[in-house]
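Next comes data_0.txt, a file with compact mmCIF, C-alpha atoms.
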# COMPACT_ATOMS: atom_id res chain seq x y z
CA MET A 1 0.00 0.00 0.00
CA ALA A 2 1.32 3.40 -0.92
CA SER A 3 2.05 5.69 1.98
CA THR A 4 -0.36 8.59 2.55
CA ARG A 5 2.00 10.37 4.87
CA SER A 6 2.38 14.00 3.87
CA THR A 7 5.75 15.58 3.25
CA HIS A 8 7.02 19.09 3.20
CA ASN A 9 6.45 19.07 -0.54
CA ASP A 10 2.69 18.98 0.13
CA ILE A 11 2.74 22.35 1.89
CA PRO A 12 1.17 25.08 -0.27
CA ARG A 13 3.74 27.58 -1.43
CA VAL A 14 3.24 31.32 -1.46
CA THR A 15 3.48 32.78 -4.93
CA PRO A 16 6.64 34.92 -5.07
CA ALA A 17 5.92 38.62 -5.15
CA SER A 18 6.60 40.36 -8.42
CA ASP A 19 8.72 43.47 -8.65
CA LYS A 20 5.57 45.43 -9.45
CA PRO A 21 4.30 47.24 -6.34
CA ILE A 22 0.82 46.59 -5.03
CA HIS A 23 -1.44 49.22 -3.51
CA TYR A 24 -2.88 47.72 -0.36
CA LEU A 25 -6.07 49.45 0.76
CA ASP A 26 -7.43 46.69 3.03
CA HIS A 27 -5.88 47.55 6.39
CA ALA A 28 -9.25 47.23 8.15
CA ALA A 29 -9.15 43.53 7.27
CA SER A 30 -5.54 42.97 8.29
CA THR A 31 -2.58 45.29 8.65
CA PRO A 32 0.98 44.25 7.73
CA VAL A 33 3.00 43.13 10.73
CA ARG A 34 5.14 45.96 12.03
CA PRO A 35 8.90 45.31 11.95
CA VAL A 36 9.10 45.96 15.70
CA ALA A 37 6.50 43.23 16.28
CA LEU A 38 8.31 40.75 14.07
CA GLU A 39 11.58 41.46 15.86
CA ALA A 40 9.94 41.00 19.25
CA MET A 41 8.36 37.65 18.44
CA LEU A 42 11.30 35.93 16.70
CA PRO A 43 13.12 34.82 19.88
CA TYR A 44 9.97 33.06 21.08
CA LEU A 45 9.76 31.14 17.83
CA THR A 46 13.42 30.12 17.81
CA THR A 47 15.38 30.08 21.09
CA GLN A 48 12.88 31.00 23.83
CA TYR A 49 10.30 28.35 23.01
CA GLY A 50 9.36 27.24 26.52
CA ASN A 51 5.78 26.56 27.59
CA PRO A 52 4.89 29.38 30.01
CA SER A 53 3.07 26.92 32.28
CA GLY A 54 6.27 24.96 32.95
CA ALA A 55 8.84 25.31 35.71
CA HIS A 56 12.26 25.32 34.01
CA ARG A 57 14.19 28.36 32.85
CA LEU A 58 12.79 28.50 29.31
CA ALA A 59 9.27 28.25 30.72
CA ARG A 60 9.97 30.98 33.26
CA ASN A 61 11.34 33.22 30.50
CA ALA A 62 8.16 32.73 28.50
CA ASN A 63 5.98 33.42 31.51
CA LYS A 64 7.92 36.60 32.27
CA ALA A 65 7.46 37.77 28.70
CA ILE A 66 3.71 37.26 29.02
CA ASP A 67 3.60 39.15 32.31
CA GLU A 68 5.50 42.09 30.84
CA SER A 69 3.26 42.13 27.77
CA ARG A 70 0.17 41.96 29.96
CA GLU A 71 1.31 45.00 31.93
CA LEU A 72 1.99 46.92 28.74
CA MET A 73 -1.34 46.03 27.14
CA ALA A 74 -3.14 46.94 30.38
CA ASP A 75 -1.54 50.36 30.39
CA LEU A 76 -2.40 50.99 26.75
CA LEU A 77 -5.99 49.81 27.25
CA GLY A 78 -6.65 51.68 30.48
CA ALA A 79 -6.94 48.49 32.52
CA GLN A 80 -5.26 46.65 35.36
CA PRO A 81 -2.95 43.76 34.37
CA GLY A 82 -5.28 41.25 35.99
CA GLU A 83 -8.11 42.50 33.80
CA VAL A 84 -6.31 41.59 30.57
CA VAL A 85 -7.20 38.17 29.14
CA PHE A 86 -5.25 37.03 26.08
CA THR A 87 -7.37 35.35 23.39
CA GLY A 88 -6.95 33.90 19.92
CA GLY A 89 -8.18 37.12 18.29
CA GLY A 90 -11.12 39.49 18.12
CA THR A 91 -13.76 36.88 17.32
CA GLU A 92 -12.85 34.79 20.34
CA ALA A 93 -12.78 37.89 22.52
CA ASP A 94 -16.26 38.88 21.33
CA ASN A 95 -17.60 35.34 21.77
CA LEU A 96 -16.13 35.11 25.27
CA ALA A 97 -17.72 38.43 26.19
CA VAL A 98 -21.17 37.31 25.02
CA PHE A 99 -21.29 33.63 25.91
CA GLY A 100 -19.17 34.04 29.03
CA THR A 101 -21.43 36.75 30.41
CA LEU A 102 -24.66 34.93 29.62
CA LYS A 103 -23.39 31.72 31.18
CA ALA A 104 -22.33 33.45 34.37
CA ARG A 105 -25.41 35.62 34.63
CA PRO A 106 -28.30 34.27 32.51
CA GLY A 107 -30.59 36.86 31.03
CA PRO A 108 -31.38 38.71 27.81
CA ALA A 109 -28.65 40.36 25.74
CA VAL A 110 -28.94 43.44 23.55
CA CYS A 111 -26.74 44.71 20.72
CA SER A 112 -26.86 47.15 17.82
CA ALA A 113 -27.83 46.06 14.33
CA VAL A 114 -24.39 46.95 12.94
CA GLU A 115 -22.24 44.76 15.18
CA HIS A 116 -19.61 42.40 13.79
CA HIS A 117 -20.95 38.90 13.16
CA ALA A 118 -18.85 37.70 16.12
CA VAL A 119 -21.24 39.65 18.38
CA ILE A 120 -24.56 39.75 16.59
CA GLU A 121 -24.72 36.03 15.78
CA PRO A 122 -24.06 34.84 19.36
CA ILE A 123 -26.61 37.31 20.71
CA GLU A 124 -29.23 36.27 18.16
CA ASN A 125 -28.46 32.61 18.84
CA GLU A 126 -29.14 33.24 22.53
CA GLY A 127 -32.46 34.90 21.76
CA GLY A 128 -31.26 38.44 22.37
CA SER A 129 -32.53 41.72 20.94
CA VAL A 130 -31.08 43.83 18.14
CA VAL A 131 -31.47 47.61 18.27
CA GLY A 132 -31.70 49.57 15.04
CA VAL A 133 -29.53 52.42 13.77
CA ASP A 134 -30.32 55.54 11.77
CA HIS A 135 -29.13 56.38 8.26
CA ASP A 136 -25.87 57.71 9.74
CA GLY A 137 -25.20 54.34 11.37
CA GLN A 138 -25.85 55.67 14.88
CA ILE A 139 -27.63 53.45 17.37
CA ARG A 140 -31.16 54.63 18.12
CA LEU A 141 -30.87 55.51 21.78
CA ASP A 142 -34.63 55.56 22.30
CA GLU A 143 -34.88 51.99 20.98
CA LEU A 144 -32.00 50.96 23.22
CA GLU A 145 -33.75 52.40 26.23
CA SER A 146 -36.93 50.51 25.33
CA ALA A 147 -35.00 47.25 24.96
CA LEU A 148 -33.51 47.44 28.44
CA GLY A 149 -34.97 46.15 31.67
CA ASP A 150 -34.17 44.60 35.01
CA GLY A 151 -33.37 41.21 33.49
CA VAL A 152 -30.88 42.29 30.81
CA SER A 153 -27.43 40.80 31.42
CA LEU A 154 -25.37 42.21 28.55
CA VAL A 155 -25.38 45.15 26.17
CA SER A 156 -22.85 45.15 23.31
CA VAL A 157 -22.23 48.23 21.14
CA MET A 158 -19.09 48.45 19.03
CA LEU A 159 -16.94 51.55 19.23
CA ALA A 160 -16.13 51.79 15.50
CA ASN A 161 -17.71 49.80 12.70
CA ASN A 162 -15.45 47.47 10.75
CA GLU A 163 -17.14 48.21 7.41
CA THR A 164 -17.97 51.90 7.45
CA GLY A 165 -15.67 53.22 10.19
CA LEU A 166 -18.66 54.96 11.80
CA THR A 167 -18.28 55.41 15.55
CA GLN A 168 -20.92 55.10 18.26
CA PRO A 169 -21.70 57.47 21.16
CA LEU A 170 -20.54 54.96 23.73
CA ALA A 171 -20.68 57.35 26.69
CA ALA A 172 -24.35 58.05 25.96
CA VAL A 173 -24.98 54.31 25.57
CA ALA A 174 -23.32 53.66 28.92
CA GLY A 175 -25.45 56.32 30.61
CA ILE A 176 -28.64 54.71 29.34
CA VAL A 177 -27.48 51.25 30.36
CA ARG A 178 -26.51 52.37 33.86
CA GLU A 179 -29.88 54.06 34.33
CA HIS A 180 -32.20 51.43 32.86
CA ALA A 181 -30.28 48.17 33.31
CA PRO A 182 -27.70 48.82 36.05
CA GLN A 183 -27.06 45.13 36.51
CA ALA A 184 -26.05 44.64 32.87
CA LEU A 185 -22.46 44.50 31.65
CA LEU A 186 -21.53 46.78 28.75
CA HIS A 187 -19.25 45.26 26.12
CA THR A 188 -17.67 47.12 23.23
CA ASP A 189 -15.95 45.60 20.24
CA ALA A 190 -13.00 47.99 19.87
CA VAL A 191 -11.19 45.81 17.33
CA GLN A 192 -11.48 48.40 14.57
CA ALA A 193 -11.18 51.38 16.91
CA PHE A 194 -7.96 50.77 18.83
CA SER A 195 -5.65 52.05 16.09
CA TRP A 196 -7.52 55.34 15.75
CA LEU A 197 -9.25 56.14 19.06
CA ASP A 198 -8.02 56.33 22.65
CA VAL A 199 -9.50 53.11 23.95
CA ALA A 200 -7.84 53.72 27.33
CA GLU A 201 -10.55 56.30 27.95
CA LEU A 202 -13.13 53.51 28.09
CA GLY A 203 -12.03 52.60 31.61
CA GLN A 204 -15.02 54.35 33.13
CA VAL A 205 -17.42 53.34 30.36
CA ALA A 206 -17.20 49.68 29.30
CA ASP A 207 -16.98 46.54 31.43
CA LEU A 208 -15.64 44.41 28.57
CA VAL A 209 -13.43 45.54 25.67
CA SER A 210 -12.23 43.45 22.70
CA VAL A 211 -9.16 44.16 20.55
CA SER A 212 -7.24 42.15 17.96
CA ALA A 213 -3.53 42.37 17.15
CA HIS A 214 -3.64 42.12 13.37
CA LYS A 215 -5.64 45.33 13.08
CA PHE A 216 -2.74 47.44 14.40
CA GLY A 217 0.36 45.69 13.09
CA GLY A 218 0.58 42.61 15.27
CA PRO A 219 0.27 39.03 13.99
CA GLN A 220 -3.00 37.31 13.20
CA GLY A 221 -4.45 34.94 15.78
CA VAL A 222 -4.00 36.87 19.03
CA GLY A 223 -6.11 39.43 20.83
CA VAL A 224 -7.34 40.70 24.19
CA LEU A 225 -10.57 40.82 26.11
CA VAL A 226 -10.45 43.32 28.94
CA ILE A 227 -12.63 42.03 31.78
CA ARG A 228 -13.03 44.58 34.53
CA ASP A 229 -12.63 43.20 38.03
CA SER A 230 -16.25 44.14 38.68
CA ALA A 231 -17.47 41.90 35.83
CA THR A 232 -18.42 38.25 36.30
CA LEU A 233 -17.62 36.01 33.36
CA ALA A 234 -17.62 32.22 32.89
CA ALA A 235 -14.81 30.61 30.92
CA ARG A 236 -15.50 29.14 27.50
CA ALA A 237 -12.22 27.21 27.28
CA VAL A 238 -11.42 25.19 30.41
CA GLY A 239 -8.87 22.61 31.39
CA GLY A 240 -5.61 24.39 32.04
CA GLY A 241 -6.39 27.32 34.29
CA GLN A 242 -4.43 29.89 32.27
CA GLU A 243 -5.51 33.54 32.28
CA ARG A 244 -6.76 33.20 35.88
CA GLY A 245 -9.09 30.43 34.77
CA ARG A 246 -10.93 32.61 32.27
CA ARG A 247 -9.34 31.23 29.11
CA SER A 248 -7.49 27.93 29.39
CA GLY A 249 -4.91 26.81 26.86
CA THR A 250 -1.20 27.32 26.33
CA GLN A 251 -0.66 31.00 25.61
CA ASN A 252 0.68 32.15 22.25
CA VAL A 253 3.84 33.67 23.69
CA ALA A 254 5.30 34.91 20.41
CA GLY A 255 1.99 36.41 19.36
CA ILE A 256 1.39 38.09 22.70
CA VAL A 257 4.86 39.65 22.80
CA ALA A 258 4.51 40.85 19.20
CA MET A 259 1.05 42.27 19.88
CA ALA A 260 2.33 44.30 22.82
CA ALA A 261 5.24 45.66 20.77
CA ALA A 262 2.93 46.61 17.91
CA ALA A 263 0.43 48.23 20.26
CA GLN A 264 3.10 50.31 21.96
CA GLU A 265 4.42 51.65 18.65
CA MET A 266 0.91 52.25 17.35
CA VAL A 267 -0.22 54.21 20.41
CA SER A 268 3.00 56.26 20.40
CA ASN A 269 2.34 57.31 16.81
CA ARG A 270 -1.47 57.31 16.87
CA GLU A 271 -2.09 61.05 16.97
CA ALA A 272 0.19 61.71 14.00
CA GLU A 273 -1.16 58.71 12.09
CA VAL A 274 -4.74 59.82 12.59
CA GLU A 275 -3.94 63.18 11.01
CA ARG A 276 -1.90 61.65 8.20
CA THR A 277 -4.50 59.04 7.26
CA ARG A 278 -7.33 61.56 7.51
CA ARG A 279 -5.59 63.74 4.96
CA LEU A 280 -5.05 60.79 2.62
CA ARG A 281 -8.57 59.43 3.19
CA ASP A 282 -10.21 62.78 2.48
CA ARG A 283 -8.20 63.23 -0.71
CA LEU A 284 -9.20 59.73 -1.77
CA LEU A 285 -12.90 60.24 -1.06
CA ASP A 286 -13.07 63.70 -2.62
CA GLY A 287 -11.28 62.47 -5.72
CA ILE A 288 -13.62 59.50 -6.17
CA LEU A 289 -16.79 61.51 -5.55
CA ASP A 290 -15.66 64.13 -8.06
CA ALA A 291 -14.59 61.65 -10.74
CA VAL A 292 -17.30 58.98 -10.50
CA PRO A 293 -20.94 59.96 -11.09
CA GLY A 294 -23.39 57.89 -9.09
CA SER A 295 -20.98 57.38 -6.20
CA LEU A 296 -22.14 57.84 -2.63
CA GLU A 297 -20.22 58.11 0.62
CA THR A 298 -21.89 56.06 3.35
CA GLY A 299 -22.35 58.02 6.56
CA PRO A 300 -20.95 61.36 7.71
CA ARG A 301 -17.18 61.60 7.44
CA THR A 302 -17.05 63.48 10.75
CA LEU A 303 -18.33 60.39 12.58
CA LYS A 304 -15.79 58.00 11.07
CA THR A 305 -12.37 56.83 12.06
CA SER A 306 -9.72 58.46 9.91
CA ASN A 307 -8.72 55.37 7.96
CA ILE A 308 -11.85 54.13 6.21
CA ALA A 309 -13.27 55.36 2.91
CA HIS A 310 -16.55 53.55 2.33
CA LEU A 311 -18.70 54.16 -0.74
CA CYS A 312 -21.50 52.69 -2.80
CA PHE A 313 -21.68 52.88 -6.59
CA GLU A 314 -24.86 52.82 -8.65
CA ASP A 315 -25.10 50.13 -11.33
CA VAL A 316 -21.89 48.40 -10.26
CA GLU A 317 -21.34 45.06 -8.53
CA SER A 318 -18.61 44.95 -5.91
CA GLU A 319 -17.30 41.57 -6.99
CA SER A 320 -16.62 42.73 -10.52
CA LEU A 321 -15.14 46.01 -9.34
CA LEU A 322 -12.75 44.28 -6.94
CA PHE A 323 -11.63 41.99 -9.77
CA LEU A 324 -10.72 44.95 -11.99
CA LEU A 325 -8.98 46.75 -9.13
CA GLU A 326 -6.87 43.71 -8.33
CA LYS A 327 -5.87 43.37 -11.97
CA ALA A 328 -4.45 46.87 -11.57
CA ASP A 329 -2.70 45.89 -8.31
CA VAL A 330 -5.14 47.73 -6.06
CA TYR A 331 -6.33 45.60 -3.14
CA ALA A 332 -9.57 46.53 -1.37
CA SER A 333 -12.70 44.84 -0.07
CA ALA A 334 -16.48 45.01 -0.23
CA ALA A 335 -19.09 44.93 2.45
CA ALA A 336 -20.87 42.04 0.78
CA SER A 337 -19.98 38.54 1.93
CA CYS A 338 -20.31 35.23 0.14
CA SER A 339 -21.95 32.34 1.94
CA SER A 340 -22.54 29.02 0.18
CA GLY A 341 -22.09 30.76 -3.15
CA ALA A 342 -24.89 33.26 -2.54
CA MET A 343 -23.94 36.91 -2.43
CA GLU A 344 -25.72 38.89 0.25
CA PRO A 345 -25.44 42.63 0.82
CA SER A 346 -23.98 43.95 4.04
CA HIS A 347 -26.21 43.74 7.10
CA VAL A 348 -24.62 47.03 8.18
CA LEU A 349 -25.77 48.87 5.05
CA ALA A 350 -29.19 47.22 5.25
CA ALA A 351 -29.56 48.41 8.85
CA MET A 352 -28.64 51.94 7.71
CA GLY A 353 -31.42 51.85 5.13
CA PHE A 354 -29.40 51.42 1.93
CA SER A 355 -31.10 49.49 -0.85
CA ARG A 356 -29.94 46.02 -1.81
CA GLN A 357 -28.81 47.39 -5.17
CA LEU A 358 -26.51 49.95 -3.56
CA GLY A 359 -25.38 47.37 -1.01
CA PHE A 360 -24.18 45.14 -3.83
CA GLY A 361 -22.10 48.04 -5.12
CA SER A 362 -20.25 48.85 -1.92
CA LEU A 363 -16.50 49.30 -1.60
CA ARG A 364 -14.27 49.73 1.44
CA LEU A 365 -10.86 51.30 0.95
CA SER A 366 -9.05 51.24 4.29
CA LEU A 367 -5.73 52.89 5.07
CA GLY A 368 -2.99 52.10 7.54
CA TYR A 369 0.53 52.92 8.64
CA THR A 370 2.04 51.82 5.30
CA THR A 371 -0.38 53.76 3.08
CA SER A 372 1.27 56.41 0.92
CA ASP A 373 0.27 59.17 -1.46
CA ALA A 374 1.25 56.83 -4.29
CA ASP A 375 -1.42 54.38 -3.14
CA ILE A 376 -4.06 57.09 -3.23
CA ASP A 377 -2.89 58.22 -6.67
CA ALA A 378 -3.18 54.66 -7.94
CA VAL A 379 -6.77 54.28 -6.76
CA LEU A 380 -7.78 57.65 -8.22
CA THR A 381 -6.30 56.58 -11.55
CA VAL A 382 -7.74 53.08 -11.68
CA LEU A 383 -11.12 53.24 -9.93
CA PRO A 384 -13.01 55.70 -12.18
CA LYS A 385 -11.96 53.75 -15.28
CA ALA A 386 -13.00 50.45 -13.69
CA VAL A 387 -16.43 51.76 -12.72
CA GLN A 388 -16.99 53.17 -16.19
CA GLN A 389 -15.87 49.91 -17.80
CA LEU A 390 -18.40 47.96 -15.76
CA ARG A 391 -21.19 50.37 -16.52
CA ASP A 392 -20.40 50.31 -20.25
CA SER A 393 -20.36 46.54 -20.17
CA GLU A 394 -23.75 46.45 -18.46
CA GLU A 395 -25.20 48.84 -21.01
CA GLY A 396 -23.81 46.69 -23.80
CA ARG A 397 -25.55 43.61 -22.41
CA GLY A 398 -28.77 45.58 -22.06

Can the structure in the file be given as structure tokens, please?
Amino acid sequence: MASTRSTHNDIPRVTPASDKPIHYLDHAASTPVRPVALEAMLPYLTTQYGNPSGAHRLARNANKAIDESRELMADLLGAQPGEVVFTGGGTEADNLAVFGTLKARPGPAVCSAVEHHAVIEPIENEGGSVVGVDHDGQIRLDELESALGDGVSLVSVMLANNETGLTQPLAAVAGIVREHAPQALLHTDAVQAFSWLDVAELGQVADLVSVSAHKFGGPQGVGVLVIRDSATLAARAVGGGQERGRRSGTQNVAGIVAMAAAAQEMVSNREAEVERTRRLRDRLLDGILDAVPGSLETGPRTLKTSNIAHLCFEDVESESLLFLLEKADVYASAAASCSSGAMEPSHVLAAMGFSRQLGFGSLRLSLGYTTSDADIDAVLTVLPKAVQQLRDSEEGRG
């Protein structure tokens, strides 16, 4: 019988990069790892590979690295070190916030209609309530107030939306929650916000805060859930007792160290980066709106984080537009997602009142620390031609 054992030759190989530069405008999906993060994690992938739960020197070194990273992340997030729980990313942090809260303190949960799927799906699965938003993507505070009551255990409202960049009035949300459901915990998904807003200021606002490393220049697969000492949460992963029993499993030492290094550099440069990306983003949006008839910016720019340019185009399908952009080495994303081969428009745009037709023509161009003026120039050169090509093609078929 022939052996079925795999070899290193079976491992998929990454296609070598060409000399032609790409224009990466998808930082909201994942940001390139910062050099400082890569440098920080390498020792824990090569020479300092001990399991932090062990007792020997290599294990103690790993445990010390985690402790130091925990202290740093706590400082940057406005928390105490014991309130920082390391997770496998933003989705796990969101899931732990929802399921962990509802297991520890059973009761209804409430969230906004524009939450990430990692929040809205668990809450809907648990029979919770979804509160609507207005055309500007802002949660309807009167509906939130009506949805609250003595039995509500959890309210989850994201700080900045991952598709549109629109921010929420979290302080006002917290005031309503404290008044009408004082027993409820308030969770915010700050995964998209941390790079652009001072999340440390949430210390007096949110009981639970989620962030994810790969949104600010750390590696994929590691994140944080801040759990205030006043919050009661049941573990979802048990069996090892790590993270003070709130998230068992051997910690990702290299990822945690890299995340802390990336977060420190990001926060140190955040104010300057916000101004720089806002200038680039505004030039990008203004150029597109001027050059492309039938283009629409989704939501007020003044309510958005500085890095996201989100638009809808009449008589254009996102999938086809993204294909033409990639052919021209421009990398972006659309709000629409594909499930089992069926394209569905963004639930965020639907909640904001955009038609299905416009939803199918959405485009997110998101900037980050590597974005340059050359990237903006490339989009402004390529995008209007791509939209016109698609519209001409549609007219030809008609």

Using all atoms of stretch 156-174 of chain A that appear in the file, construct an axis-aligned enclosing box with 6 Å of padding on every side and provide its centre coordinates and edge lengths in Å, rounded to one decimal, as lines of an AutoDock Vina configuration file.
center_x = -20.2
center_y = 51.6
center_z = 18.2
size_x = 21.5
size_y = 24.9
size_z = 33.5

All residues 8 Å or closer to A:Leu141, only C-alpha atoms, same chain fewer than 4 positions away omitted, as a PyMOL selection string: chain A and resi 145+173+176

Proximity of stretch 209-269 of chain A to stretch 85-91 of chain A: per-residue shortest pair, 12 Å limit, all atoms listed in the file, as a Markdown table:
| residue | atom | partner | partner_atom | distance |
| --- | --- | --- | --- | --- |
| A:Val209 | CA | A:Gly90 | CA | 9.9 |
| A:Ser210 | CA | A:Gly90 | CA | 6.2 |
| A:Val211 | CA | A:Gly90 | CA | 5.6 |
| A:Ser212 | CA | A:Gly90 | CA | 4.7 |
| A:Ala213 | CA | A:Gly89 | CA | 7.1 |
| A:His214 | CA | A:Gly89 | CA | 8.4 |
| A:Lys215 | CA | A:Gly90 | CA | 9.5 |
| A:Gly218 | CA | A:Gly89 | CA | 10.8 |
| A:Pro219 | CA | A:Gly89 | CA | 9.7 |
| A:Gln220 | CA | A:Gly89 | CA | 7.3 |
| A:Gly221 | CA | A:Gly88 | CA | 4.9 |
| A:Val222 | CA | A:Gly89 | CA | 4.3 |
| A:Gly223 | CA | A:Gly89 | CA | 4.0 |
| A:Val224 | CA | A:Phe86 | CA | 4.6 |
| A:Leu225 | CA | A:Val85 | CA | 5.2 |
| A:Val226 | CA | A:Val85 | CA | 6.1 |
| A:Ile227 | CA | A:Val85 | CA | 7.2 |
| A:Arg228 | CA | A:Val85 | CA | 10.2 |
| A:Asp229 | CA | A:Val85 | CA | 11.6 |
| A:Leu233 | CA | A:Val85 | CA | 11.4 |
| A:Ala235 | CA | A:Val85 | CA | 10.9 |
| A:Arg236 | CA | A:Thr87 | CA | 11.0 |
| A:Ala237 | CA | A:Thr87 | CA | 10.2 |
| A:Gln242 | CA | A:Val85 | CA | 9.3 |
| A:Glu243 | CA | A:Val85 | CA | 5.8 |
| A:Arg244 | CA | A:Val85 | CA | 8.4 |
| A:Gly245 | CA | A:Val85 | CA | 9.8 |
| A:Arg246 | CA | A:Val85 | CA | 7.4 |
| A:Arg247 | CA | A:Val85 | CA | 7.3 |
| A:Ser248 | CA | A:Thr87 | CA | 9.5 |
| A:Gly249 | CA | A:Thr87 | CA | 9.5 |
| A:Thr250 | CA | A:Phe86 | CA | 10.5 |
| A:Gln251 | CA | A:Phe86 | CA | 7.6 |
| A:Asn252 | CA | A:Gly88 | CA | 8.2 |
| A:Val253 | CA | A:Phe86 | CA | 10.0 |
| A:Gly255 | CA | A:Gly88 | CA | 9.3 |
| A:Ile256 | CA | A:Phe86 | CA | 7.5 |
| A:Val257 | CA | A:Phe86 | CA | 10.9 |
| A:Met259 | CA | A:Phe86 | CA | 10.3 |
| A:Ala260 | CA | A:Phe86 | CA | 11.0 |

Expected file: the selected residues, C-alpha atoms, as an mmCIF file, keeping the file's coordinate frame:
data_model
loop_
_atom_site.group_PDB
_atom_site.id
_atom_site.type_symbol
_atom_site.label_atom_id
_atom_site.label_comp_id
_atom_site.auth_asym_id
_atom_site.auth_seq_id
_atom_site.Cartn_x
_atom_site.Cartn_y
_atom_site.Cartn_z
ATOM 1 C CA VAL A 209 -13.430 45.540 25.670
ATOM 2 C CA SER A 210 -12.230 43.450 22.700
ATOM 3 C CA VAL A 211 -9.160 44.160 20.550
ATOM 4 C CA SER A 212 -7.240 42.150 17.960
ATOM 5 C CA ALA A 213 -3.530 42.370 17.150
ATOM 6 C CA HIS A 214 -3.640 42.120 13.370
ATOM 7 C CA LYS A 215 -5.640 45.330 13.080
ATOM 8 C CA GLY A 218 0.580 42.610 15.270
ATOM 9 C CA PRO A 219 0.270 39.030 13.990
ATOM 10 C CA GLN A 220 -3.000 37.310 13.200
ATOM 11 C CA GLY A 221 -4.450 34.940 15.780
ATOM 12 C CA VAL A 222 -4.000 36.870 19.030
ATOM 13 C CA GLY A 223 -6.110 39.430 20.830
ATOM 14 C CA VAL A 224 -7.340 40.700 24.190
ATOM 15 C CA LEU A 225 -10.570 40.820 26.110
ATOM 16 C CA VAL A 226 -10.450 43.320 28.940
ATOM 17 C CA ILE A 227 -12.630 42.030 31.780
ATOM 18 C CA ARG A 228 -13.030 44.580 34.530
ATOM 19 C CA ASP A 229 -12.630 43.200 38.030
ATOM 20 C CA LEU A 233 -17.620 36.010 33.360
ATOM 21 C CA ALA A 235 -14.810 30.610 30.920
ATOM 22 C CA ARG A 236 -15.500 29.140 27.500
ATOM 23 C CA ALA A 237 -12.220 27.210 27.280
ATOM 24 C CA GLN A 242 -4.430 29.890 32.270
ATOM 25 C CA GLU A 243 -5.510 33.540 32.280
ATOM 26 C CA ARG A 244 -6.760 33.200 35.880
ATOM 27 C CA GLY A 245 -9.090 30.430 34.770
ATOM 28 C CA ARG A 246 -10.930 32.610 32.270
ATOM 29 C CA ARG A 247 -9.340 31.230 29.110
ATOM 30 C CA SER A 248 -7.490 27.930 29.390
ATOM 31 C CA GLY A 249 -4.910 26.810 26.860
ATOM 32 C CA THR A 250 -1.200 27.320 26.330
ATOM 33 C CA GLN A 251 -0.660 31.000 25.610
ATOM 34 C CA ASN A 252 0.680 32.150 22.250
ATOM 35 C CA VAL A 253 3.840 33.670 23.690
ATOM 36 C CA GLY A 255 1.990 36.410 19.360
ATOM 37 C CA ILE A 256 1.390 38.090 22.700
ATOM 38 C CA VAL A 257 4.860 39.650 22.800
ATOM 39 C CA MET A 259 1.050 42.270 19.880
ATOM 40 C CA ALA A 260 2.330 44.300 22.820
#

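The nearest approach to A:Leu72 among the residues A:Thr167, A:Ala262, A:Val379, A:Lys103, with all atoms listed in the file taken into account, belongs to A:Ala262.
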
Set the distance at 10 Å and use all atoms listed in the file: which residues neighbour A:Arg301 once local chain neighbours fewer than 5 positions away are removed? I'd like the list as an MDAnalysis selection string. chainID A and resid 136 164:166 278 281:282 285 306 308:310

Straight-line distance linking atom CA of A:His347 with atom CA of A:Gly132, stated in Å to one decimal: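 These atoms are spaced 11.3 Å apart.
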
Please check which residues have atoms at most 8 Å from (-14.1, 45.1, -0.9) in the file's coordinates, counting all atoms listed in the file, and write them as a PDB file with C-alpha atoms, in the frame of the given file.
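Okay, out39.pdb is ready:
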ATOM      1  CA  ASP A  26      -7.430  46.690   3.030  1.00  0.00           C
ATOM      2  CA  SER A 318     -18.610  44.950  -5.910  1.00  0.00           C
ATOM      3  CA  GLU A 319     -17.300  41.570  -6.990  1.00  0.00           C
ATOM      4  CA  LEU A 322     -12.750  44.280  -6.940  1.00  0.00           C
ATOM      5  CA  ALA A 332      -9.570  46.530  -1.370  1.00  0.00           C
ATOM      6  CA  SER A 333     -12.700  44.840  -0.070  1.00  0.00           C
ATOM      7  CA  ALA A 334     -16.480  45.010  -0.230  1.00  0.00           C
ATOM      8  CA  ALA A 335     -19.090  44.930   2.450  1.00  0.00           C
ATOM      9  CA  ALA A 336     -20.870  42.040   0.780  1.00  0.00           C
ATOM     10  CA  SER A 362     -20.250  48.850  -1.920  1.00  0.00           C
ATOM     11  CA  LEU A 363     -16.500  49.300  -1.600  1.00  0.00           C
ATOM     12  CA  ARG A 364     -14.270  49.730   1.440  1.00  0.00           C
ATOM     13  CA  LEU A 365     -10.860  51.300   0.950  1.00  0.00           C
TER      14      LEU A 365
END

So that I can check the surroundings of A:Gln138, please list as a PyMOL selection string every protein, DNA and RNA residue that reaches within 12 Å of it, counting all atoms listed in the file and ignoring chain neighbours fewer than 4 positions away. chain A and resi 112-115+131-134+142-144+157-161+164-170+172-173+299-300+303-304+348-349+351-353

Would you please work out which residue, of A:Thr31, A:Arg57, A:Gly175, A:Asp207, is nearest to A:Glu83 when using all atoms listed in the file? A:Asp207

May I have the residues within 12 Å of A:Pro106 as an MDAnalysis selection string, using all atoms listed in the file and disregarding those fewer than 2 positions away in the same chain? chainID A and resid 98:104 108:109 126:128 151:154 183:185 232:234

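Considering the residues A:Phe194, A:His23, A:Phe360, A:Leu148 and counting only C-alpha atoms, A:Val382 has its shortest atom-to-atom contact with A:His23.
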
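In this comparison, which uses only C-alpha atoms, the residue of A:Gln264, A:Asn95, A:Ser393, A:Ser346 approaching A:Asn162 most closely is A:Ser346.
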
Of the candidates A:Leu367, A:Ala79, A:Ile139, A:Ala231, which shows the shortest atom-to-atom distance to A:Leu280, using all atoms listed in the file? A:Leu367

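Here atom CA of A:Ala62 and atom CA of A:Gln48 stand 6.9 Å from one another.
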